[in-house]
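Colleague: mmCIF, N, CA and C atoms, saved as entry-v1.cif, coming up:
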data_target
#
loop_
_atom_site.label_atom_id
_atom_site.label_comp_id
_atom_site.auth_asym_id
_atom_site.auth_seq_id
_atom_site.Cartn_x
_atom_site.Cartn_y
_atom_site.Cartn_z
N ALA P 13 -24.08 -4.74 -32.63
CA ALA P 13 -24.66 -4.94 -31.31
C ALA P 13 -23.53 -5.10 -30.31
N ARG P 14 -23.79 -4.64 -29.14
CA ARG P 14 -22.81 -4.67 -28.07
C ARG P 14 -23.02 -5.93 -27.21
N LEU P 15 -21.96 -6.68 -27.01
CA LEU P 15 -22.04 -7.86 -26.18
C LEU P 15 -22.08 -7.46 -24.71
N LYS P 16 -22.96 -8.08 -23.98
CA LYS P 16 -23.04 -7.81 -22.54
C LYS P 16 -22.46 -9.01 -21.80
N THR P 17 -21.17 -8.94 -21.54
CA THR P 17 -20.51 -10.05 -20.86
C THR P 17 -20.20 -9.74 -19.40
N LEU P 18 -20.43 -8.51 -18.99
CA LEU P 18 -20.14 -8.13 -17.61
C LEU P 18 -21.40 -8.18 -16.76
N ALA P 19 -21.24 -8.63 -15.54
CA ALA P 19 -22.35 -8.58 -14.60
C ALA P 19 -22.60 -7.13 -14.22
N PRO P 20 -23.82 -6.82 -13.78
CA PRO P 20 -24.10 -5.43 -13.36
C PRO P 20 -23.12 -4.98 -12.28
N GLY P 21 -22.58 -3.82 -12.44
CA GLY P 21 -21.64 -3.26 -11.48
C GLY P 21 -20.19 -3.56 -11.77
N ASP P 22 -19.92 -4.55 -12.61
CA ASP P 22 -18.52 -4.89 -12.90
C ASP P 22 -17.81 -3.78 -13.65
N ARG P 23 -18.51 -3.13 -14.55
CA ARG P 23 -17.90 -2.04 -15.31
C ARG P 23 -17.53 -0.90 -14.37
N LEU P 24 -18.46 -0.56 -13.47
CA LEU P 24 -18.18 0.50 -12.49
C LEU P 24 -17.00 0.11 -11.61
N ALA P 25 -16.97 -1.14 -11.16
CA ALA P 25 -15.86 -1.59 -10.32
C ALA P 25 -14.54 -1.49 -11.06
N ALA P 26 -14.54 -1.80 -12.36
CA ALA P 26 -13.31 -1.69 -13.15
C ALA P 26 -12.87 -0.24 -13.25
N TYR P 27 -13.81 0.68 -13.41
CA TYR P 27 -13.47 2.10 -13.47
C TYR P 27 -12.93 2.58 -12.12
N VAL P 28 -13.52 2.11 -11.04
CA VAL P 28 -13.04 2.48 -9.70
C VAL P 28 -11.62 1.95 -9.50
N LEU P 29 -11.37 0.73 -9.91
CA LEU P 29 -10.03 0.16 -9.79
C LEU P 29 -9.02 0.98 -10.60
N ALA P 30 -9.39 1.36 -11.81
CA ALA P 30 -8.50 2.18 -12.63
C ALA P 30 -8.24 3.53 -11.97
N ALA P 31 -9.26 4.12 -11.37
CA ALA P 31 -9.09 5.41 -10.69
C ALA P 31 -8.18 5.26 -9.47
N LEU P 32 -8.32 4.15 -8.76
CA LEU P 32 -7.45 3.90 -7.61
C LEU P 32 -5.99 3.75 -8.04
N VAL P 33 -5.77 3.05 -9.13
CA VAL P 33 -4.39 2.87 -9.63
C VAL P 33 -3.83 4.22 -10.08
N PHE P 34 -4.65 5.02 -10.76
CA PHE P 34 -4.19 6.35 -11.18
C PHE P 34 -3.84 7.20 -9.96
N SER P 35 -4.68 7.15 -8.92
CA SER P 35 -4.40 7.90 -7.69
C SER P 35 -3.10 7.44 -7.05
N GLN P 36 -2.85 6.14 -7.09
CA GLN P 36 -1.61 5.60 -6.53
C GLN P 36 -0.39 6.14 -7.27
N VAL P 37 -0.51 6.26 -8.57
CA VAL P 37 0.60 6.81 -9.37
C VAL P 37 0.85 8.27 -8.99
N VAL P 38 -0.22 9.04 -8.79
CA VAL P 38 -0.08 10.44 -8.39
C VAL P 38 0.57 10.54 -7.01
N ILE P 39 0.09 9.74 -6.07
CA ILE P 39 0.67 9.75 -4.73
C ILE P 39 2.14 9.33 -4.80
N GLY P 40 2.44 8.35 -5.65
CA GLY P 40 3.83 7.92 -5.84
C GLY P 40 4.71 9.05 -6.34
N GLY P 41 4.13 9.93 -7.14
CA GLY P 41 4.89 11.10 -7.60
C GLY P 41 5.27 12.01 -6.44
N PHE P 42 4.36 12.18 -5.50
CA PHE P 42 4.67 12.98 -4.32
C PHE P 42 5.74 12.29 -3.46
N VAL P 43 5.64 10.97 -3.34
CA VAL P 43 6.66 10.23 -2.58
C VAL P 43 8.02 10.42 -3.23
N ALA P 44 8.08 10.31 -4.54
CA ALA P 44 9.35 10.48 -5.25
C ALA P 44 9.87 11.91 -5.13
N GLY P 45 8.98 12.87 -5.29
CA GLY P 45 9.39 14.27 -5.23
C GLY P 45 9.93 14.68 -3.87
N LEU P 46 9.32 14.14 -2.83
CA LEU P 46 9.78 14.45 -1.47
C LEU P 46 10.91 13.53 -1.01
N LYS P 47 11.22 12.52 -1.83
CA LYS P 47 12.22 11.50 -1.46
C LYS P 47 11.83 10.83 -0.14
N ALA P 48 10.53 10.62 0.03
CA ALA P 48 10.01 10.02 1.26
C ALA P 48 10.42 8.56 1.38
N GLY P 49 10.68 7.89 0.28
CA GLY P 49 11.10 6.51 0.33
C GLY P 49 12.45 6.33 1.00
N ARG P 50 13.27 7.37 0.96
CA ARG P 50 14.57 7.31 1.64
C ARG P 50 14.41 7.49 3.14
N ALA P 51 13.45 8.30 3.54
CA ALA P 51 13.24 8.56 4.96
C ALA P 51 12.54 7.39 5.64
N TYR P 52 11.62 6.75 4.93
CA TYR P 52 10.84 5.64 5.49
C TYR P 52 11.02 4.43 4.57
N ASN P 53 12.12 3.71 4.74
CA ASN P 53 12.44 2.63 3.82
C ASN P 53 12.31 1.25 4.44
N THR P 54 11.55 1.13 5.52
CA THR P 54 11.30 -0.18 6.11
C THR P 54 9.83 -0.52 5.95
N TRP P 55 9.57 -1.84 5.95
CA TRP P 55 8.19 -2.29 5.81
C TRP P 55 7.98 -3.49 6.69
N PRO P 56 6.90 -3.65 7.36
CA PRO P 56 5.66 -2.87 7.29
C PRO P 56 5.67 -1.64 8.19
N LEU P 57 6.64 -1.55 9.11
CA LEU P 57 6.68 -0.38 9.99
C LEU P 57 7.43 0.76 9.33
N MET P 58 7.06 1.97 9.70
CA MET P 58 7.73 3.16 9.21
C MET P 58 8.49 3.78 10.37
N ASP P 59 9.81 3.66 10.33
CA ASP P 59 10.66 4.17 11.40
C ASP P 59 10.30 3.51 12.73
N GLY P 60 9.96 2.22 12.67
CA GLY P 60 9.65 1.46 13.87
C GLY P 60 8.22 1.60 14.37
N ARG P 61 7.37 2.27 13.63
CA ARG P 61 5.99 2.49 14.06
C ARG P 61 5.03 2.16 12.93
N LEU P 62 3.83 1.75 13.29
CA LEU P 62 2.80 1.51 12.28
C LEU P 62 2.39 2.82 11.62
N VAL P 63 2.09 3.82 12.45
CA VAL P 63 1.80 5.17 11.97
C VAL P 63 2.99 6.04 12.37
N PRO P 64 3.68 6.63 11.41
CA PRO P 64 4.93 7.34 11.73
C PRO P 64 4.71 8.63 12.51
N ASP P 65 5.75 9.01 13.26
CA ASP P 65 5.73 10.31 13.91
C ASP P 65 5.65 11.39 12.83
N GLY P 66 4.93 12.43 13.11
CA GLY P 66 4.83 13.52 12.16
C GLY P 66 3.66 13.38 11.20
N TYR P 67 2.91 12.29 11.34
CA TYR P 67 1.77 12.09 10.44
C TYR P 67 0.70 13.15 10.72
N TRP P 68 0.32 13.85 9.70
CA TRP P 68 -0.77 14.84 9.74
C TRP P 68 -0.49 15.97 10.72
N ARG P 69 0.73 16.52 10.69
CA ARG P 69 1.09 17.59 11.64
C ARG P 69 1.13 18.98 11.03
N LEU P 70 1.10 19.09 9.72
CA LEU P 70 1.22 20.41 9.10
C LEU P 70 -0.09 21.18 9.15
N GLU P 71 0.02 22.47 9.19
CA GLU P 71 -1.13 23.38 9.08
C GLU P 71 -0.91 24.25 7.86
N PRO P 72 -1.90 24.47 7.06
CA PRO P 72 -3.25 23.93 7.08
C PRO P 72 -3.24 22.43 6.77
N TRP P 73 -4.32 21.76 7.12
CA TRP P 73 -4.39 20.30 7.04
C TRP P 73 -4.08 19.76 5.66
N TRP P 74 -4.50 20.46 4.63
CA TRP P 74 -4.32 19.95 3.26
C TRP P 74 -2.86 19.94 2.83
N ALA P 75 -2.02 20.70 3.50
CA ALA P 75 -0.58 20.70 3.17
C ALA P 75 0.04 19.33 3.45
N ASN P 76 -0.55 18.58 4.36
CA ASN P 76 -0.04 17.24 4.66
C ASN P 76 -0.12 16.32 3.45
N LEU P 77 -1.10 16.52 2.58
CA LEU P 77 -1.31 15.65 1.43
C LEU P 77 -0.21 15.77 0.38
N THR P 78 0.52 16.87 0.39
CA THR P 78 1.55 17.07 -0.63
C THR P 78 2.93 17.38 -0.07
N ASP P 79 3.02 17.88 1.16
CA ASP P 79 4.29 18.38 1.68
C ASP P 79 4.83 17.62 2.89
N ASN P 80 4.07 16.73 3.46
CA ASN P 80 4.49 16.01 4.66
C ASN P 80 4.98 14.62 4.25
N MET P 81 6.28 14.37 4.42
CA MET P 81 6.86 13.09 4.01
C MET P 81 6.17 11.90 4.66
N ALA P 82 5.91 12.01 5.96
CA ALA P 82 5.29 10.89 6.67
C ALA P 82 3.89 10.62 6.14
N THR P 83 3.11 11.65 5.94
CA THR P 83 1.74 11.48 5.46
C THR P 83 1.72 10.94 4.04
N VAL P 84 2.54 11.49 3.17
CA VAL P 84 2.55 11.05 1.78
C VAL P 84 2.95 9.58 1.67
N GLN P 85 4.00 9.19 2.38
CA GLN P 85 4.46 7.80 2.31
C GLN P 85 3.43 6.85 2.93
N PHE P 86 2.86 7.22 4.07
CA PHE P 86 1.86 6.38 4.72
C PHE P 86 0.62 6.23 3.84
N ASN P 87 0.17 7.33 3.25
CA ASN P 87 -0.99 7.26 2.35
C ASN P 87 -0.70 6.41 1.13
N HIS P 88 0.52 6.46 0.63
CA HIS P 88 0.92 5.64 -0.51
C HIS P 88 0.81 4.16 -0.15
N ARG P 89 1.25 3.81 1.04
CA ARG P 89 1.16 2.42 1.49
C ARG P 89 -0.29 2.00 1.70
N LEU P 90 -1.08 2.85 2.32
CA LEU P 90 -2.49 2.53 2.53
C LEU P 90 -3.21 2.35 1.20
N ALA P 91 -2.91 3.20 0.24
CA ALA P 91 -3.55 3.08 -1.07
C ALA P 91 -3.17 1.75 -1.73
N ALA P 92 -1.94 1.31 -1.55
CA ALA P 92 -1.52 0.03 -2.12
C ALA P 92 -2.32 -1.11 -1.52
N TYR P 93 -2.52 -1.10 -0.21
CA TYR P 93 -3.31 -2.15 0.44
C TYR P 93 -4.75 -2.11 -0.07
N LEU P 94 -5.30 -0.93 -0.21
CA LEU P 94 -6.66 -0.78 -0.70
C LEU P 94 -6.80 -1.30 -2.12
N ILE P 95 -5.84 -1.00 -2.96
CA ILE P 95 -5.88 -1.46 -4.36
C ILE P 95 -5.81 -2.98 -4.43
N VAL P 96 -4.93 -3.58 -3.67
CA VAL P 96 -4.82 -5.05 -3.68
C VAL P 96 -6.13 -5.67 -3.21
N ALA P 97 -6.68 -5.17 -2.12
CA ALA P 97 -7.94 -5.72 -1.60
C ALA P 97 -9.07 -5.55 -2.60
N PHE P 98 -9.16 -4.37 -3.21
CA PHE P 98 -10.23 -4.12 -4.18
C PHE P 98 -10.05 -4.97 -5.43
N ALA P 99 -8.82 -5.13 -5.88
CA ALA P 99 -8.55 -5.95 -7.08
C ALA P 99 -8.90 -7.40 -6.84
N VAL P 100 -8.58 -7.92 -5.65
CA VAL P 100 -8.92 -9.31 -5.34
C VAL P 100 -10.44 -9.45 -5.26
N TRP P 101 -11.11 -8.51 -4.61
CA TRP P 101 -12.56 -8.54 -4.53
C TRP P 101 -13.18 -8.49 -5.93
N HIS P 102 -12.66 -7.62 -6.76
CA HIS P 102 -13.17 -7.46 -8.12
C HIS P 102 -12.94 -8.74 -8.95
N ALA P 103 -11.82 -9.37 -8.77
CA ALA P 103 -11.51 -10.60 -9.51
C ALA P 103 -12.42 -11.75 -9.09
N VAL P 104 -12.71 -11.80 -7.80
CA VAL P 104 -13.57 -12.88 -7.30
C VAL P 104 -14.98 -12.63 -7.75
#
As structure tokens, how would this structure be written, given the file I've shared?

Modeller:
Amino acid sequence: ARLKTLAPGDRLAAYVLAALVFSQVVIGGFVAGLKAGRAYNTWPLMDGRLVPDGYWRLEPWWANLTDNMATVQFNHRLAAYLIVAFAVWHAV
């Protein structure tokens, strides 16, 4: 018999958290590949701005997700904040 120790929705939340962490690892790969951490190495601001210059400027739009240093690094930071918030919510 299977023990039911999780409240309804907790299993789904755990899977969502795992998916978010996996996505963060993938985004981190793009940051490393583009060496975006060298270009934007200050925190919490990126080059003196909350949202860096050059964010979401490439055409077609989807190229920003993999080829734009500013977008990749900013998205990596946003994903980290989201993961921390979701993990704290899930723990509570």

Colleague: Specify the axis-aligned box that encloses all atoms of region 88-101 of chain P listed in the file after padding of 6 Å on each side, stating its centre and edge lengths in Å to one decimal as lines of an AutoDock Vina configuration file.

Modeller:
center_x = -6.0
center_y = -1.5
center_z = -2.3
size_x = 26.4
size_y = 27.9
size_z = 21.6

Colleague: Enter the distance from atom N of His88 (chain P) to CA of Leu32 (chain P), in Å, rounded to one decimal.

Modeller: 11.7 Å

Colleague: What residues come out when you apply the PyMOL selection byres ((chain P and resi 92-101) around 7) to this file, written as a PyMOL selection string?

Modeller: chain P and resi 29+32-33+36+87-91+102-104

Colleague: Can you tell me how far CA of Arg61 (chain P) sits from CA of Thr83 (chain P), in Å to one decimal?

Modeller: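 For CA of Arg61 (chain P) relative to CA of Thr83 (chain P), the distance reads 13.1 Å.
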
Colleague: Report as a ChimeraX atom specification: the residues of chain P with a DSSP assignment of helix (DSSP H, G or I), based on the backbone of this structure.

Modeller: /P:22-46,48-51,73-79,81-103

Colleague: So, counting only C-alpha atoms, which residue among P:Ser35, P:Asn53, P:Asn80, P:Thr17 is closest to Trp68 (chain P)?

Modeller: P:Asn80

Colleague: Quick one, how far is atom C of Thr54 (chain P) from atom N of Ala30 (chain P)?

Modeller: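 These two atoms are separated by 26.2 Å.
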
Colleague: For the structure shown, which residues end up in the PyMOL selection byres (((chain P and resi 82 and name CA) around 12) and name CA)? Put them as a VMD selection string, please?

Modeller: chain P and resid 42 to 43 46 to 53 57 to 59 61 to 70 75 to 81 83 to 89

Colleague: Could you give me region 39-50 of chain P completed to all heavy atoms, formatted as a compact mmCIF listing (two decimals), in the coordinates of the input?

Modeller:
# COMPACT_ATOMS: atom_id res chain seq x y z
N ILE P 39 0.09 9.74 -6.07
CA ILE P 39 0.67 9.75 -4.73
C ILE P 39 2.14 9.33 -4.80
O ILE P 39 3.00 9.89 -4.11
CB ILE P 39 -0.12 8.84 -3.77
CG1 ILE P 39 -1.55 9.32 -3.60
CG2 ILE P 39 0.56 8.76 -2.41
CD1 ILE P 39 -2.45 8.33 -2.90
N GLY P 40 2.44 8.35 -5.65
CA GLY P 40 3.83 7.92 -5.84
C GLY P 40 4.71 9.05 -6.34
O GLY P 40 5.90 9.12 -6.00
N GLY P 41 4.13 9.93 -7.14
CA GLY P 41 4.89 11.10 -7.60
C GLY P 41 5.27 12.01 -6.44
O GLY P 41 6.38 12.54 -6.40
N PHE P 42 4.36 12.18 -5.50
CA PHE P 42 4.67 12.98 -4.32
C PHE P 42 5.74 12.29 -3.46
O PHE P 42 6.64 12.95 -2.93
CB PHE P 42 3.42 13.26 -3.48
CG PHE P 42 2.48 14.24 -4.11
CD1 PHE P 42 1.20 13.85 -4.47
CD2 PHE P 42 2.86 15.54 -4.35
CE1 PHE P 42 0.33 14.74 -5.06
CE2 PHE P 42 2.00 16.45 -4.94
CZ PHE P 42 0.73 16.05 -5.29
N VAL P 43 5.64 10.97 -3.34
CA VAL P 43 6.66 10.23 -2.58
C VAL P 43 8.02 10.42 -3.23
O VAL P 43 9.02 10.69 -2.55
CB VAL P 43 6.30 8.72 -2.51
CG1 VAL P 43 7.45 7.92 -1.93
CG2 VAL P 43 5.04 8.51 -1.69
N ALA P 44 8.08 10.31 -4.54
CA ALA P 44 9.35 10.48 -5.25
C ALA P 44 9.87 11.91 -5.13
O ALA P 44 11.06 12.13 -4.90
CB ALA P 44 9.19 10.10 -6.72
N GLY P 45 8.98 12.87 -5.29
CA GLY P 45 9.39 14.27 -5.23
C GLY P 45 9.93 14.68 -3.87
O GLY P 45 10.87 15.46 -3.77
N LEU P 46 9.32 14.14 -2.83
CA LEU P 46 9.78 14.45 -1.47
C LEU P 46 10.91 13.53 -1.01
O LEU P 46 11.45 13.72 0.08
CB LEU P 46 8.60 14.31 -0.49
CG LEU P 46 7.48 15.33 -0.62
CD1 LEU P 46 6.32 14.95 0.28
CD2 LEU P 46 7.99 16.72 -0.27
N LYS P 47 11.22 12.52 -1.83
CA LYS P 47 12.22 11.50 -1.46
C LYS P 47 11.83 10.83 -0.14
O LYS P 47 12.68 10.50 0.69
CB LYS P 47 13.61 12.09 -1.39
CG LYS P 47 14.10 12.57 -2.76
CD LYS P 47 15.49 13.11 -2.70
CE LYS P 47 16.07 13.52 -4.01
NZ LYS P 47 15.25 14.05 -5.04
N ALA P 48 10.53 10.62 0.03
CA ALA P 48 10.01 10.02 1.26
C ALA P 48 10.42 8.56 1.38
O ALA P 48 10.51 8.03 2.49
CB ALA P 48 8.49 10.15 1.31
N GLY P 49 10.68 7.89 0.28
CA GLY P 49 11.10 6.51 0.33
C GLY P 49 12.45 6.33 1.00
O GLY P 49 12.76 5.28 1.55
N ARG P 50 13.27 7.37 0.96
CA ARG P 50 14.57 7.31 1.64
C ARG P 50 14.41 7.49 3.14
O ARG P 50 15.17 6.93 3.92
CB ARG P 50 15.50 8.37 1.09
CG ARG P 50 15.94 8.09 -0.32
CD ARG P 50 16.92 9.12 -0.78
NE ARG P 50 17.32 8.84 -2.16
CZ ARG P 50 18.03 9.66 -2.89
NH1 ARG P 50 18.43 10.82 -2.39
NH2 ARG P 50 18.35 9.34 -4.12
